[in-house]
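Worksheet: the structure to be examined is printed underneath.
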Amino acid sequence: MIRVTGVRFKPAGKTYYFEPPAEPLEPSTYVIVETARGQEIGQVVLEERELPEKELVLPLKKVLRKATEADLEKAAENRQKEKLAFTRCREKIIDHGLDMKLVSVDVTFDRNKIIFYFSSEERVDFRELVKDLASIFKTRIELRQIGVRDEAKIKGGIGSCGRAFCCSTFLEDFEPVSIRMAKGQNLSLNPTKISGVCGRLMCCLRYEANVYEDIRAALPRPGDQVVTPDGEGRVTAVNHKKKSAHVRLLDLGCVREFPFEEVDLP
């Protein structure tokens with residue numbers, strides 16, 4: 001077991017684990033940490049605890065110290081620089097006639113690099129754009145192409161349910177979602193009803209998928225021979241929401257609906 005502290009750099013962002021300092025840190029404390037791209041400021045979201053080595057990526061980087069008032073002011077200045085960088089980059093994209101959509105900008109805490117995130121349906125040759133941006137900001141420039149789900153997570157918005165996107169509020173990672181999950185929950189397969197604003201299958205299709213799978217494993221399926229209070233029959237349909245099964249009775253030749261508790265497998 002290894003002692004770690006969980007730090008997050010963005011709201012609903014991924015939690016990264018760091019080697020904790022000697023002084024205990026409370027959740028919501030801002031800290032300066034060492035990362036692969038230099039020093040960054042983040043917020044403690046998991047207080048010091050032990051985790052199995054197999055769950056970690058070793059070696060761990062260190063939490064260097066608590067953030068000072070000067071650090072917080074510097075971080076606020078960086079956010080202003082990001083807004084300026086966003087505007088200038090978008091202007092240069094138009095000047096170069098590039099088919100790309102600028103989504104977000106990150107200025108690293110130590111200001112050694114500016115990272116521009118963009119989306120595009122095709123591969124983009126942005127070499128000249130990088131040269132222009134480097135001459136304007138006099139620092140290292142990095143452009144990263146992201147997918148539509150990542151774009152939705154960064155920009156946020158309101159889903160068809162009337163609530164803020166799950167991905168931009170609490171989901172740290174995107175898990176695989178398949179059309180099979182929608183079928184298993186007897187949902188309409190109309191793409192407009194089961195797709196999010198990003199155009200991909202809604203993340204929430206996965207929330208109850210395991211529950212439906214467990215229920216189906218213990219319940220009759222269409223085609224199963226069953227016994228009901230009205231005699232033997234064959235299941236023609238199952239309604240998990242109503243917790244009932246439609247059964248074609250062999251003796252009566254008709255279809256009747258029975259609660260699950262009245263349907264037994266022979």
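If you're wondering about the labels, chains in the structure tokens are A, B, ... by order shown, residues count from 1 in each chain, ligands from 1 in order shown.
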
>> DSSP on the backbone: which residues in segment 35-244 of chain A end up as helix (DSSP H, G or I)? Give the answer as a ChimeraX atom specification.
In response: /A:53-55,69-96,127-137,148-155,179-184,191-194,203-206,209-217

> Which of segment 6-219 of chain A counts as strand (DSSP E) under DSSP, as number ranges by chain please?
Replying inline: A: 6-8, 15-18, 30-35, 38-51, 63-66, 101-107, 113-119, 140-145

>> Env of Phe18 of chain A: 7 Å cut, atoms = only C-alpha atoms, seq-sep filter 3 positions within chain, self excluded. Answer as number ranges by chain.
In response: A: 4-6, 60-63

Take the selection from the previous step and output its residues with N, CA and C atoms, as an mmCIF file, in the first residue's frame.
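Contents of the output file again16.cif:
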data_model
loop_
_atom_site.group_PDB
_atom_site.id
_atom_site.type_symbol
_atom_site.label_atom_id
_atom_site.label_comp_id
_atom_site.auth_asym_id
_atom_site.auth_seq_id
_atom_site.Cartn_x
_atom_site.Cartn_y
_atom_site.Cartn_z
ATOM 1 N N VAL A 4 -1.090 8.321 -0.671
ATOM 2 C CA VAL A 4 -1.241 9.278 -1.769
ATOM 3 C C VAL A 4 -2.218 10.384 -1.356
ATOM 4 N N THR A 5 -2.191 11.452 -2.151
ATOM 5 C CA THR A 5 -3.167 12.530 -2.050
ATOM 6 C C THR A 5 -3.747 12.756 -3.440
ATOM 7 N N GLY A 6 -5.081 12.880 -3.539
ATOM 8 C CA GLY A 6 -5.732 13.078 -4.832
ATOM 9 C C GLY A 6 -5.898 14.549 -5.150
ATOM 10 N N LEU A 60 5.412 8.249 -8.292
ATOM 11 C CA LEU A 60 4.514 9.360 -8.041
ATOM 12 C C LEU A 60 5.275 10.683 -8.042
ATOM 13 N N LYS A 61 4.635 11.714 -8.619
ATOM 14 C CA LYS A 61 5.155 13.074 -8.489
ATOM 15 C C LYS A 61 4.781 13.598 -7.103
ATOM 16 N N LYS A 62 5.408 14.695 -6.702
ATOM 17 C CA LYS A 62 5.234 15.201 -5.343
ATOM 18 C C LYS A 62 4.297 16.404 -5.279
ATOM 19 N N VAL A 63 3.595 16.518 -4.154
ATOM 20 C CA VAL A 63 2.943 17.777 -3.796
ATOM 21 C C VAL A 63 4.041 18.644 -3.200
#

>> Could you list, as number ranges by chain, every residue within 7 Å of Pro259 of chain A, counting only C-alpha atoms and ignoring same-chain residues fewer than 3 positions away?
In response: A: 243-245, 262-263

Can you write out the residues you just picked, keeping N, CA and C atoms, as a CSV table (one decimal), in the first residue's frame?
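The resulting file, part14.csv, is shown below:
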chain,number,residue,atom,x,y,z
A,243,LYS,N,-42.1,-4.7,-14.6
A,243,LYS,CA,-41.8,-6.0,-14.0
A,243,LYS,C,-42.9,-7.0,-14.3
A,244,SER,N,-43.1,-7.2,-15.6
A,244,SER,CA,-44.1,-8.1,-16.0
A,244,SER,C,-43.7,-8.8,-17.3
A,245,ALA,N,-44.3,-9.9,-17.6
A,245,ALA,CA,-44.0,-10.7,-18.9
A,245,ALA,C,-45.3,-11.0,-19.6
A,262,GLU,N,-45.4,-14.2,-10.7
A,262,GLU,CA,-46.3,-15.2,-11.1
A,262,GLU,C,-45.8,-16.1,-12.3
A,263,VAL,N,-44.6,-15.8,-12.7
A,263,VAL,CA,-44.1,-16.5,-13.9
A,263,VAL,C,-42.9,-17.4,-13.4

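Taking only C-alpha atoms, the non-local environment of Arg248 of chain A within 7 Å (same-chain residues fewer than 5 positions away omitted) comprises A:Gly233, A:Arg234, A:Val235, A:Thr236, A:Gly253, A:Cys254, A:Val255, A:Arg256.
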
Residue subset to file, keeping all heavy atoms, as a PDB file, in the first residue's frame:
ATOM      1  N   GLY A 233     -47.127 -21.730 -20.826  1.00  0.00           N
ATOM      2  CA  GLY A 233     -47.110 -20.869 -22.005  1.00  0.00           C
ATOM      3  C   GLY A 233     -45.683 -20.512 -22.399  1.00  0.00           C
ATOM      4  O   GLY A 233     -44.717 -21.010 -21.826  1.00  0.00           O
ATOM      5  N   ARG A 234     -45.573 -19.641 -23.408  1.00  0.00           N
ATOM      6  CA  ARG A 234     -44.259 -19.210 -23.888  1.00  0.00           C
ATOM      7  C   ARG A 234     -44.192 -17.683 -23.822  1.00  0.00           C
ATOM      8  O   ARG A 234     -45.127 -16.992 -24.250  1.00  0.00           O
ATOM      9  CB  ARG A 234     -44.032 -19.695 -25.317  1.00  0.00           C
ATOM     10  CG  ARG A 234     -42.598 -19.492 -25.822  1.00  0.00           C
ATOM     11  CD  ARG A 234     -42.421 -20.107 -27.209  1.00  0.00           C
ATOM     12  NE  ARG A 234     -42.639 -21.550 -27.180  1.00  0.00           N
ATOM     13  CZ  ARG A 234     -41.713 -22.430 -26.817  1.00  0.00           C
ATOM     14  NH1 ARG A 234     -40.514 -22.016 -26.430  1.00  0.00           N
ATOM     15  NH2 ARG A 234     -41.984 -23.726 -26.837  1.00  0.00           N
ATOM     16  N   VAL A 235     -43.091 -17.159 -23.293  1.00  0.00           N
ATOM     17  CA  VAL A 235     -42.917 -15.711 -23.147  1.00  0.00           C
ATOM     18  C   VAL A 235     -42.754 -15.077 -24.523  1.00  0.00           C
ATOM     19  O   VAL A 235     -41.931 -15.521 -25.338  1.00  0.00           O
ATOM     20  CB  VAL A 235     -41.684 -15.396 -22.277  1.00  0.00           C
ATOM     21  CG1 VAL A 235     -41.471 -13.886 -22.186  1.00  0.00           C
ATOM     22  CG2 VAL A 235     -41.851 -15.998 -20.890  1.00  0.00           C
ATOM     23  N   THR A 236     -43.555 -14.045 -24.769  1.00  0.00           N
ATOM     24  CA  THR A 236     -43.459 -13.328 -26.043  1.00  0.00           C
ATOM     25  C   THR A 236     -42.764 -11.979 -25.891  1.00  0.00           C
ATOM     26  O   THR A 236     -42.183 -11.457 -26.840  1.00  0.00           O
ATOM     27  CB  THR A 236     -44.855 -13.097 -26.643  1.00  0.00           C
ATOM     28  OG1 THR A 236     -45.642 -12.312 -25.721  1.00  0.00           O
ATOM     29  CG2 THR A 236     -45.557 -14.417 -26.913  1.00  0.00           C
ATOM     30  N   GLY A 253     -54.508 -20.220 -26.026  1.00  0.00           N
ATOM     31  CA  GLY A 253     -54.161 -19.644 -27.328  1.00  0.00           C
ATOM     32  C   GLY A 253     -54.152 -18.136 -27.346  1.00  0.00           C
ATOM     33  O   GLY A 253     -54.204 -17.530 -28.419  1.00  0.00           O
ATOM     34  N   CYS A 254     -54.116 -17.501 -26.187  1.00  0.00           N
ATOM     35  CA  CYS A 254     -54.103 -16.044 -26.123  1.00  0.00           C
ATOM     36  C   CYS A 254     -52.874 -15.568 -25.339  1.00  0.00           C
ATOM     37  O   CYS A 254     -52.208 -16.339 -24.660  1.00  0.00           O
ATOM     38  CB  CYS A 254     -55.376 -15.520 -25.466  1.00  0.00           C
ATOM     39  SG  CYS A 254     -55.591 -16.077 -23.763  1.00  0.00           S
ATOM     40  N   VAL A 255     -52.623 -14.258 -25.434  1.00  0.00           N
ATOM     41  CA  VAL A 255     -51.478 -13.665 -24.727  1.00  0.00           C
ATOM     42  C   VAL A 255     -51.993 -12.877 -23.531  1.00  0.00           C
ATOM     43  O   VAL A 255     -52.905 -12.045 -23.659  1.00  0.00           O
ATOM     44  CB  VAL A 255     -50.668 -12.740 -25.658  1.00  0.00           C
ATOM     45  CG1 VAL A 255     -49.540 -12.064 -24.878  1.00  0.00           C
ATOM     46  CG2 VAL A 255     -50.095 -13.521 -26.836  1.00  0.00           C
ATOM     47  N   ARG A 256     -51.432 -13.147 -22.365  1.00  0.00           N
ATOM     48  CA  ARG A 256     -51.784 -12.431 -21.150  1.00  0.00           C
ATOM     49  C   ARG A 256     -50.513 -11.909 -20.470  1.00  0.00           C
ATOM     50  O   ARG A 256     -49.446 -12.479 -20.630  1.00  0.00           O
ATOM     51  CB  ARG A 256     -52.571 -13.316 -20.192  1.00  0.00           C
ATOM     52  CG  ARG A 256     -53.960 -13.665 -20.701  1.00  0.00           C
ATOM     53  CD  ARG A 256     -54.739 -14.482 -19.683  1.00  0.00           C
ATOM     54  NE  ARG A 256     -56.072 -14.812 -20.192  1.00  0.00           N
ATOM     55  CZ  ARG A 256     -56.936 -15.593 -19.550  1.00  0.00           C
ATOM     56  NH1 ARG A 256     -56.592 -16.151 -18.376  1.00  0.00           N
ATOM     57  NH2 ARG A 256     -58.137 -15.839 -20.066  1.00  0.00           N
TER      58      ARG A 256
END

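For the pair atom CA of Lys193 of chain A and atom CA of His240 of chain A, the interatomic distance is 19.4 Å.
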
>> So that I can check the surroundings of segment 149-160 of chain A, please list as a PyMOL selection string every protein, DNA and RNA residue that reaches within 8 Å of it, counting only C-alpha atoms and ignoring chain neighbours fewer than 5 positions away.
In response: chain A and resi 103-104+119+165+167-168+196-198+200

> What gap, in Å, lies between atom CA of Ile194 of chain A and atom CA of Arg216 of chain A?
Replying inline: 21.3 Å

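You can rank A:Tyr117, A:Leu250, A:Phe258, A:Leu201 by their closest distance to Ala237 of chain A using only C-alpha atoms, and at the top of that list sits A:Phe258.
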